[in-house]
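This is model-v7.txt (compact mmCIF, C-alpha atoms).
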# COMPACT_ATOMS: atom_id res chain seq x y z
CA MET L 17 -30.45 39.85 -104.31
CA THR L 18 -32.97 42.69 -104.64
CA GLY L 19 -35.72 43.32 -102.13
CA SER L 20 -38.33 41.96 -104.56
CA GLU L 21 -36.61 38.58 -104.87
CA LYS L 22 -37.67 35.79 -102.58
CA PHE L 23 -34.96 34.02 -100.62
CA GLU L 24 -34.81 30.30 -101.34
CA PRO L 25 -32.93 28.06 -98.91
CA GLU L 26 -30.21 25.94 -100.50
CA SER L 27 -31.97 22.67 -99.65
CA GLU L 28 -35.17 23.85 -101.37
CA ARG L 29 -33.26 24.93 -104.47
CA VAL L 30 -31.51 21.55 -104.65
CA THR L 31 -34.77 19.70 -104.06
CA ARG L 32 -36.43 21.65 -106.87
CA GLN L 33 -33.54 20.99 -109.24
CA LEU L 34 -33.49 17.24 -108.57
CA ARG L 35 -37.28 17.02 -108.68
CA ASP L 36 -37.38 18.73 -112.07
CA ASP L 37 -34.58 16.50 -113.36
CA ILE L 38 -36.50 13.37 -112.37
CA ILE L 39 -39.89 14.52 -113.66
CA ASP L 40 -38.37 15.82 -116.91
CA GLY L 41 -36.50 12.54 -117.47
CA VAL L 42 -33.02 14.04 -117.15
CA ARG L 43 -32.30 11.54 -114.38
CA ALA L 44 -33.65 8.20 -115.55
CA PRO L 45 -35.38 5.62 -113.36
CA GLY L 46 -32.80 3.57 -111.48
CA SER L 47 -30.12 6.29 -111.69
CA LYS L 48 -27.90 6.52 -108.62
CA LEU L 49 -28.09 9.65 -106.49
CA VAL L 50 -24.91 9.74 -104.43
CA GLU L 51 -24.58 12.58 -101.92
CA ARG L 52 -20.89 13.24 -102.59
CA GLU L 53 -21.30 13.23 -106.38
CA LEU L 54 -24.41 15.43 -106.33
CA ALA L 55 -22.74 17.93 -103.99
CA ALA L 56 -19.84 18.28 -106.42
CA GLU L 57 -22.16 18.49 -109.45
CA LEU L 58 -24.43 21.15 -107.94
CA GLY L 59 -21.72 23.08 -106.09
CA VAL L 60 -23.16 22.69 -102.60
CA SER L 61 -22.31 20.89 -99.38
CA ARG L 62 -23.69 17.43 -98.66
CA LEU L 63 -26.25 18.69 -96.12
CA PRO L 64 -28.71 20.23 -98.63
CA ILE L 65 -28.28 17.14 -100.82
CA ARG L 66 -29.20 14.94 -97.86
CA ASP L 67 -32.24 17.10 -97.08
CA ALA L 68 -33.31 17.08 -100.74
CA LEU L 69 -33.11 13.30 -101.00
CA LYS L 70 -35.19 12.91 -97.84
CA ALA L 71 -37.83 15.27 -99.29
CA LEU L 72 -37.92 13.39 -102.59
CA VAL L 73 -38.28 10.06 -100.80
CA THR L 74 -41.34 11.53 -99.04
CA GLU L 75 -42.68 12.76 -102.40
CA GLY L 76 -42.35 9.26 -103.87
CA LEU L 77 -39.77 10.05 -106.54
CA VAL L 78 -36.69 8.53 -104.91
CA THR L 79 -35.96 5.18 -103.27
CA PRO L 80 -33.48 5.32 -100.35
CA ARG L 81 -30.47 3.05 -100.09
CA PRO L 82 -28.18 2.41 -97.10
CA ARG L 83 -25.67 5.07 -96.06
CA SER L 84 -25.41 8.12 -98.30
CA TRP L 85 -27.11 7.40 -101.59
CA ALA L 86 -30.47 6.69 -103.22
CA VAL L 87 -31.89 5.89 -106.66
CA VAL L 88 -34.48 7.50 -108.88
CA ARG L 89 -37.62 5.47 -108.33
CA GLU L 90 -38.48 2.86 -110.92
CA PHE L 91 -42.27 2.79 -111.11
CA THR L 92 -43.53 -0.76 -111.61
CA PRO L 93 -46.66 -1.66 -113.58
CA SER L 94 -48.40 -2.05 -110.20
CA ASP L 95 -47.25 1.44 -109.15
CA LEU L 96 -48.58 2.86 -112.42
CA ALA L 97 -51.93 1.12 -111.95
CA ASP L 98 -52.23 2.55 -108.44
CA LEU L 99 -51.38 6.05 -109.66
CA GLU L 100 -53.83 5.82 -112.53
CA GLU L 101 -56.65 4.68 -110.23
CA VAL L 102 -56.08 7.58 -107.85
CA ARG L 103 -55.65 10.07 -110.67
CA SER L 104 -58.86 8.87 -112.34
CA THR L 105 -60.87 9.37 -109.14
CA LEU L 106 -59.39 12.80 -108.34
CA GLU L 107 -59.59 14.22 -111.84
CA THR L 108 -63.06 12.92 -112.63
CA MET L 109 -64.25 14.78 -109.54
CA ALA L 110 -62.07 17.84 -110.22
CA PHE L 111 -63.22 18.37 -113.80
CA ARG L 112 -66.88 17.86 -112.81
CA LEU L 113 -66.64 20.40 -109.99
CA ALA L 114 -64.62 22.81 -112.14
CA ALA L 115 -67.40 22.79 -114.75
CA GLN L 116 -69.81 23.94 -112.03
CA ARG L 117 -67.59 26.34 -110.08
CA ARG L 118 -65.06 27.82 -112.51
CA THR L 119 -64.65 31.58 -112.42
CA ARG L 120 -63.62 34.02 -115.11
CA ALA L 121 -60.26 34.57 -113.39
CA GLY L 122 -59.75 30.83 -113.12
CA LEU L 123 -60.49 30.33 -116.79
CA THR L 124 -57.95 33.04 -117.63
CA ARG L 125 -55.26 31.12 -115.72
CA LEU L 126 -56.32 27.88 -117.38
CA ARG L 127 -56.18 29.48 -120.84
CA ALA L 128 -52.65 30.71 -120.12
CA ASP L 129 -51.59 27.16 -119.19
CA LEU L 130 -53.22 25.81 -122.34
CA ASP L 131 -51.64 28.42 -124.62
CA ALA L 132 -48.21 27.68 -123.14
CA GLU L 133 -48.75 23.96 -123.73
CA LEU L 134 -49.99 24.40 -127.30
CA THR L 135 -47.08 26.69 -128.20
CA ALA L 136 -44.50 24.32 -126.74
CA ALA L 137 -46.13 21.22 -128.24
CA ARG L 138 -46.24 22.71 -131.74
CA ALA L 139 -42.58 23.73 -131.36
CA GLY L 140 -41.65 20.20 -130.28
CA ASP L 141 -40.45 21.40 -126.85
CA ALA L 142 -41.34 18.31 -124.84
CA VAL L 143 -40.18 19.54 -121.44
CA ARG L 144 -42.13 22.80 -121.61
CA ALA L 145 -45.19 21.12 -123.10
CA ARG L 146 -45.33 18.47 -120.38
CA ARG L 147 -44.79 21.02 -117.63
CA ALA L 148 -47.57 23.20 -119.00
CA ALA L 149 -49.84 20.15 -119.30
CA ALA L 150 -49.27 19.39 -115.62
CA ASP L 151 -49.95 23.05 -114.78
CA PHE L 152 -53.24 22.74 -116.68
CA HIS L 153 -54.34 19.80 -114.53
CA GLU L 154 -53.33 21.54 -111.30
CA THR L 155 -55.26 24.65 -112.29
CA VAL L 156 -58.37 22.55 -112.98
CA ILE L 157 -58.12 21.13 -109.46
CA SER L 158 -57.89 24.66 -108.07
CA LEU L 159 -61.02 25.59 -110.09
CA ALA L 160 -62.90 22.77 -108.36
CA ASP L 161 -62.78 24.98 -105.25
CA ASN L 162 -62.53 22.10 -102.78
CA GLU L 163 -59.81 22.55 -100.16
CA LEU L 164 -59.55 18.85 -99.28
CA LEU L 165 -59.11 18.00 -102.95
CA ASN L 166 -56.36 20.62 -103.14
CA GLU L 167 -54.64 19.12 -100.10
CA LEU L 168 -54.68 15.68 -101.70
CA GLU L 169 -53.30 17.12 -104.93
CA ARG L 170 -50.41 18.79 -103.08
CA THR L 171 -49.55 15.52 -101.35
CA LEU L 172 -49.45 13.65 -104.66
CA ARG L 173 -48.17 16.49 -106.86
CA SER L 174 -44.69 15.18 -107.67
CA ARG L 175 -45.88 11.69 -108.60
CA MET L 176 -48.77 13.08 -110.60
CA ARG L 177 -46.52 15.47 -112.51
CA TRP L 178 -44.25 12.51 -113.27
CA LEU L 179 -47.24 10.47 -114.45
CA LEU L 180 -48.56 13.32 -116.59
CA GLY L 181 -45.19 13.44 -118.36
CA GLN L 182 -45.44 9.86 -119.58
CA HIS L 183 -46.57 10.69 -123.10
CA ASP L 184 -44.90 11.61 -126.38
CA ASP L 185 -47.79 12.87 -128.54
CA LEU L 186 -47.51 16.45 -127.32
CA VAL L 187 -49.94 18.05 -129.77
CA ALA L 188 -52.64 15.41 -129.33
CA VAL L 189 -52.62 15.81 -125.56
CA ALA L 190 -52.71 19.61 -125.87
CA GLU L 191 -55.68 19.37 -128.22
CA GLU L 192 -57.53 17.15 -125.73
CA HIS L 193 -56.89 19.83 -123.12
CA GLU L 194 -58.25 22.47 -125.49
CA ALA L 195 -61.48 20.49 -125.92
CA LEU L 196 -61.76 20.17 -122.14
CA TYR L 197 -61.17 23.90 -121.74
CA ASP L 198 -63.96 24.70 -124.22
CA ALA L 199 -66.37 22.41 -122.37
CA LEU L 200 -65.48 24.06 -119.05
CA VAL L 201 -66.11 27.51 -120.58
CA ASP L 202 -69.55 26.29 -121.68
CA ARG L 203 -70.26 24.68 -118.27
CA ASP L 204 -71.15 21.55 -120.25
CA ALA L 205 -70.85 18.98 -117.45
CA ASP L 206 -71.85 16.01 -119.62
CA ARG L 207 -69.29 16.92 -122.28
CA VAL L 208 -66.63 17.46 -119.61
CA ALA L 209 -67.31 14.00 -118.18
CA GLU L 210 -67.05 12.39 -121.61
CA LEU L 211 -63.83 14.21 -122.49
CA THR L 212 -62.28 13.50 -119.08
CA ALA L 213 -62.86 9.76 -119.49
CA ARG L 214 -61.35 9.89 -122.99
CA HIS L 215 -58.36 11.89 -121.77
CA LEU L 216 -57.68 9.48 -118.90
CA ALA L 217 -57.78 6.56 -121.33
CA THR L 218 -55.29 8.32 -123.62
CA SER L 219 -52.94 8.86 -120.67
CA ARG L 220 -53.18 5.24 -119.54
CA ARG L 221 -52.27 3.99 -123.00
CA ALA L 222 -49.36 6.40 -123.28
CA ALA L 223 -47.95 5.47 -119.88
CA ALA L 224 -48.30 1.75 -120.60
CA ALA L 225 -46.58 2.13 -123.98
CA ARG L 226 -43.66 4.04 -122.49
CA GLN L 227 -43.33 1.47 -119.70
CA ALA L 228 -43.26 -1.33 -122.28
CA ARG L 229 -40.48 0.41 -124.19
CA ARG L 230 -38.46 0.58 -120.98
CA GLY L 231 -39.04 -3.12 -120.43
CA GLY L 232 -40.98 -2.44 -117.24
Conversion result in structure tokens:
Amino acid sequence: MTGSEKFEPESERVTRQLRDDIIDGVRAPGSKLVERELAAELGVSRLPIRDALKALVTEGLVTPRPRSWAVVREFTPSDLADLEEVRSTLETMAFRLAAQRRTRAGLTRLRADLDAELTAARAGDAVRARRAAADFHETVISLADNELLNELERTLRSRMRWLLGQHDDLVAVAEEHEALYDALVDRDADRVAELTARHLATSRRAAAARQARRGG
């Protein structure tokens, strides 16, 4: 490891790997997460696996089971409704504040997120497109320049990134983000509010459709 590289504890690396697998859909809802099996798969001892599972339970992505295993959380229609209600409140506020408080540097970061999403969406790279879409939303919250809002976002981040990945029309979602970006550049608060409401409705329909296909 070079001096410029940041040391990452084993438990954090494992947590990140499992988190990404769950959010990206590699590990499906209801999948078993057995300490012994994960340790062998990831080439680590059981201790970092145990720590990772505890962290993911706290983040709301994993449901614990007795002894030494857990399952990937299966979000119910009620869970989805709760997430959507909270997301709607947070993002309506975040986009409104971002329209008022965005900075040139913030818009540069947001444009980079958007360009990454558009490129991935047009290439059909679902994982990269969804990750960039979630980055876009997190950057908007940072542009709102409200520390309490940022604290709430960090607490809910894993579940929100999972929720933001519940769509298949990659290009359409990216284009909605592009329209929102343009409205933020123009500081057009009324247009931002209109587009935010439309975008939230699109996301609700997409999540409901995916849940129906799973038989949830």
What does the distance between atom CA of L:Thr31 and atom CA of L:Glu75 come to in Å, to one decimal place? 10.7 Å
Out of L:Thr218, L:Gln116, L:Thr171, L:Gln182, which residue has the shortest atom-to-atom distance to L:Val156 when counting all atoms listed in the file? L:Gln116
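Distance cut-off 9 Å, centre (-71.2, 16.8, -115.8), atoms counted all atoms listed in the file; the residues meeting this are L:Phe111, L:Arg112, L:Leu113, L:Ala115, L:Gln116, L:Arg203, L:Asp204, L:Ala205, L:Asp206, L:Arg207, L:Val208, L:Ala209, L:Glu210.
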Would you pick out the contacts of L:Met109 at 10 Å or less, using all atoms listed in the file, so that residues sharing its chain but fewer than 4 positions from it are not included, and give the list as a list of chain:residue names? L:Arg103, L:Ser104, L:Thr105, L:Leu113, L:Ala114, L:Ile157, L:Ala160, L:Leu165, L:Ala209, L:Thr212
Would you mind reading off the distance between atom CA of L:Asp98 and atom CA of L:Asp40, one decimal, in Å? 21.0 Å
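When only C-alpha atoms are used to measure the gap to L:Arg127, the shortest distance among L:Ala195, L:Ala56, L:Val102, L:Leu72 belongs to L:Ala195.
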So that I can see what lies close to L:Glu154, please list as a ChimeraX atom specification the residues with an atom at most 12 Å from it, counting only C-alpha atoms and leaving out residues fewer than 3 positions away in the same chain. /L:103,106-107,110-111,114,122,125-126,129-130,147-151,157-161,165-170,172-174,176-177,180
Counting all atoms listed in the file, the option among L:Ile38, L:Val187, L:Ser219, L:Gly76 closest to L:Asp95: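 Under the stated criterion, the closest residue is L:Gly76.
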Skipping near chain neighbours, those fewer than 3 positions away, what residues fall within 12 Å of L:Gly46 using only C-alpha atoms, listed as a PyMOL selection string? chain L and resi 38+41-43+49+77-81+86-92+230+232
Among the residues L:Leu69, L:Leu96, L:Pro25, L:Val60, the one that comes closest to L:Trp178 [using all atoms listed in the file]: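 Checking each candidate against L:Trp178, we get L:Leu96 as the closest.
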Best match for closeness to L:Arg175 among L:Thr74, L:Asn162, L:Ser94, L:Thr155, counting only C-alpha atoms: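 Counting only C-alpha atoms, the residue closest to L:Arg175 is L:Thr74.
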Counting only C-alpha atoms, the residue of L:Ala139, L:Ala190, L:Ala217, L:Val30 that sits nearest L:His153: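 Once distances to L:His153 are computed over only C-alpha atoms, the minimum belongs to L:Ala190.
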Can you tell me how far atom CA of L:Val143 sits from atom CA of L:Ile39, in Å to one decimal? 9.3 Å
